[in-house]
Amino acid sequence: MALGKKSGNGSESNWISFSDIMTGLMVIFMFIAISYIVEVQKKQKERDIIFEEFKATKEQLYAELENEFKDDFKDWEVELDKDLSIKFTNPEVLFESGQTTIRPYFSEMLTEFLPRYFSILMQNKYANKISEIRIEGHTDNLPALKFDNDPYIGNIMLSQLRSAQVLKYFRNMDYYRNLSPTEEQRLQFWITANGLSYGRTLDDNKQMTALSGKPANNDMSRRVEFRIVTTSETLVEQVIKEISK
């Protein structure tokens, strides 16, 4: 009898120990789950802040640029898009066909445009909000054999030289020469001159032909664009990559 009783107590003891282990594991898993949920919520909050900042910065820049240039852009046939790109789309005033010298009227426009444009962007509140200011040269799909036998490469060289000429014009202006060393360093870090050839031609509705599938309008396609890339935009791209993993 004693042996039987002892055996029974041992089973009860073993069962209690097993129950305690299961309870302990459940508590551990619960803490792990709570920690995971808290981490997920924290990351989501960080992402929400990035997206909100991205939206707010773009909206503020757009509003300031529109308010500054709304009357001039009509006269100059220049367009400001929501993506913060400014398109000079009148090919008759930009460059001679196949040439890289800035025409006189385009020179006058740049003299009016560039100091006011950069005065907005150089405000201290945007110092950490902008990662790049792109000066983009775009061409039609006509061969630029003067530069290369490959039509696309020839137009890459042509559009690159044109964007570089615009940048050179800006660097020779009094506004640029009067910048402080710190301001000049910031602009040199921000500004890039890019030649995009006819990779992003526009159709009659000024939409990219690669997206619309419509024929290119050569006059619309020959243009110079100023494009602002915000730091939030770079972070948004990183977030999207993380989400898509």
# chains A, B, ... in the order shown; residues from 1 in each chain; ligands from 1

$ residues_around --residues "Asp174 (chain A)" --least-positions-apart "6" --cutoff "12 Å" --atoms "only C-alpha atoms" --output "PyMOL selection string"
chain A and resi 111+114-115

$ write_last_selection --atoms "N, CA and C atoms" --output "PDB file, in the first residue's frame"
ATOM      1  N   THR A 111      17.998  84.171 -65.785  1.00  0.00           N
ATOM      2  CA  THR A 111      18.427  85.279 -64.929  1.00  0.00           C
ATOM      3  C   THR A 111      17.328  85.661 -63.943  1.00  0.00           C
ATOM      4  N   LEU A 114      16.455  81.667 -61.710  1.00  0.00           N
ATOM      5  CA  LEU A 114      17.377  80.940 -60.833  1.00  0.00           C
ATOM      6  C   LEU A 114      17.571  81.564 -59.442  1.00  0.00           C
ATOM      7  N   PRO A 115      17.805  82.870 -59.323  1.00  0.00           N
ATOM      8  CA  PRO A 115      17.995  83.422 -57.969  1.00  0.00           C
ATOM      9  C   PRO A 115      16.757  83.243 -57.081  1.00  0.00           C
TER      10      PRO A 115
END

$ select_by_dssp --residues "region 6-237 of chain A" --states "alpha helix (DSSP H)" --output "ChimeraX atom specification"
/A:6-76,91-94,104-121,151-171,174-177,181-190,209-212,218-221,231-237

$ residues_around --residues "Ile86 (chain A)" --least-positions-apart "2" --cutoff "8 Å" --atoms "only C-alpha atoms" --output "PyMOL selection string"
chain A and resi 78-81+84+88+225-227

$ residues_around --residues "Ala63 (chain A)" --least-positions-apart "3" --cutoff "12 Å" --atoms "only C-alpha atoms" --output "list of chain:residue names"
A:Ala56, A:Thr57, A:Lys58, A:Glu59, A:Gln60, A:Glu66, A:Asn67, A:Glu68, A:Phe69, A:Lys70, A:Leu80, A:Asp81, A:Lys82, A:Asp83, A:Leu84, A:Ile120

$ write_last_selection --atoms "C-alpha atoms" --output "PDB file, in the first residue's frame"
ATOM      1  CA  ALA A  56       4.257  67.947 -45.865  1.00  0.00           C
ATOM      2  CA  THR A  57       7.651  68.903 -47.336  1.00  0.00           C
ATOM      3  CA  LYS A  58       6.481  68.424 -50.924  1.00  0.00           C
ATOM      4  CA  GLU A  59       3.277  70.353 -50.335  1.00  0.00           C
ATOM      5  CA  GLN A  60       5.122  73.249 -48.698  1.00  0.00           C
ATOM      6  CA  GLU A  66       3.704  78.199 -57.188  1.00  0.00           C
ATOM      7  CA  ASN A  67       3.159  81.415 -55.248  1.00  0.00           C
ATOM      8  CA  GLU A  68       6.526  82.816 -56.372  1.00  0.00           C
ATOM      9  CA  PHE A  69       6.293  81.969 -60.078  1.00  0.00           C
ATOM     10  CA  LYS A  70       2.609  81.552 -60.984  1.00  0.00           C
ATOM     11  CA  LEU A  80       5.357  73.193 -62.174  1.00  0.00           C
ATOM     12  CA  ASP A  81       4.260  69.631 -61.406  1.00  0.00           C
ATOM     13  CA  LYS A  82       3.202  68.120 -58.089  1.00  0.00           C
ATOM     14  CA  ASP A  83       6.389  66.028 -58.109  1.00  0.00           C
ATOM     15  CA  LEU A  84       8.329  69.334 -57.743  1.00  0.00           C
ATOM     16  CA  ILE A 120      13.355  79.404 -51.730  1.00  0.00           C
TER      17      ILE A 120
END

$ closest_atom_pairs --of "region 73-138 of chain A" --to "region 145-158 of chain A" --cutoff "12 Å" --atoms "only C-alpha atoms" --output "tab-separated table"
residue	atom	partner	partner_atom	distance
A:Phe95	CA	A:Leu158	CA	10.7
A:Glu96	CA	A:Leu158	CA	11.5
A:Ser97	CA	A:Leu158	CA	10.2
A:Gly98	CA	A:Leu158	CA	7.2
A:Gln99	CA	A:Leu158	CA	7.6
A:Thr100	CA	A:Leu158	CA	7.0
A:Thr101	CA	A:Leu158	CA	10.8
A:Glu136	CA	A:Ile156	CA	10.9
A:Gly137	CA	A:Leu158	CA	8.2
A:His138	CA	A:Asn155	CA	8.3

$ atom_distance --atom1 "CA of Ile28 (chain A)" --atom2 "CA of Lys43 (chain A)"
22.6 Å

$ select_by_dssp --residues "region 5-166 of chain A" --states "strand (DSSP E or B)" --output "count of residues only"
18

$ residues_around --residues "Arg223 (chain A)" --least-positions-apart "2" --cutoff "10 Å" --atoms "only C-alpha atoms" --output "NGL selection string"
:A and (87-95 or 136-140 or 159 or 162-163 or 201-202 or 218-221 or 225)

$ atom_distance --atom1 "CA of Gly199 (chain A)" --atom2 "CA of Ala216 (chain A)"
10.8 Å

$ residues_around --residues "Gln188 (chain A)" --least-positions-apart "4" --cutoff "12 Å" --atoms "only C-alpha atoms" --output "JSON, numbers by chain"
{"A": [131, 132, 133, 134, 167, 168, 170, 171, 176, 179, 181, 182, 183, 184, 192, 193]}

$ atom_distance --atom1 "CA of Glu77 (chain A)" --atom2 "CA of Asn217 (chain A)"
16.1 Å
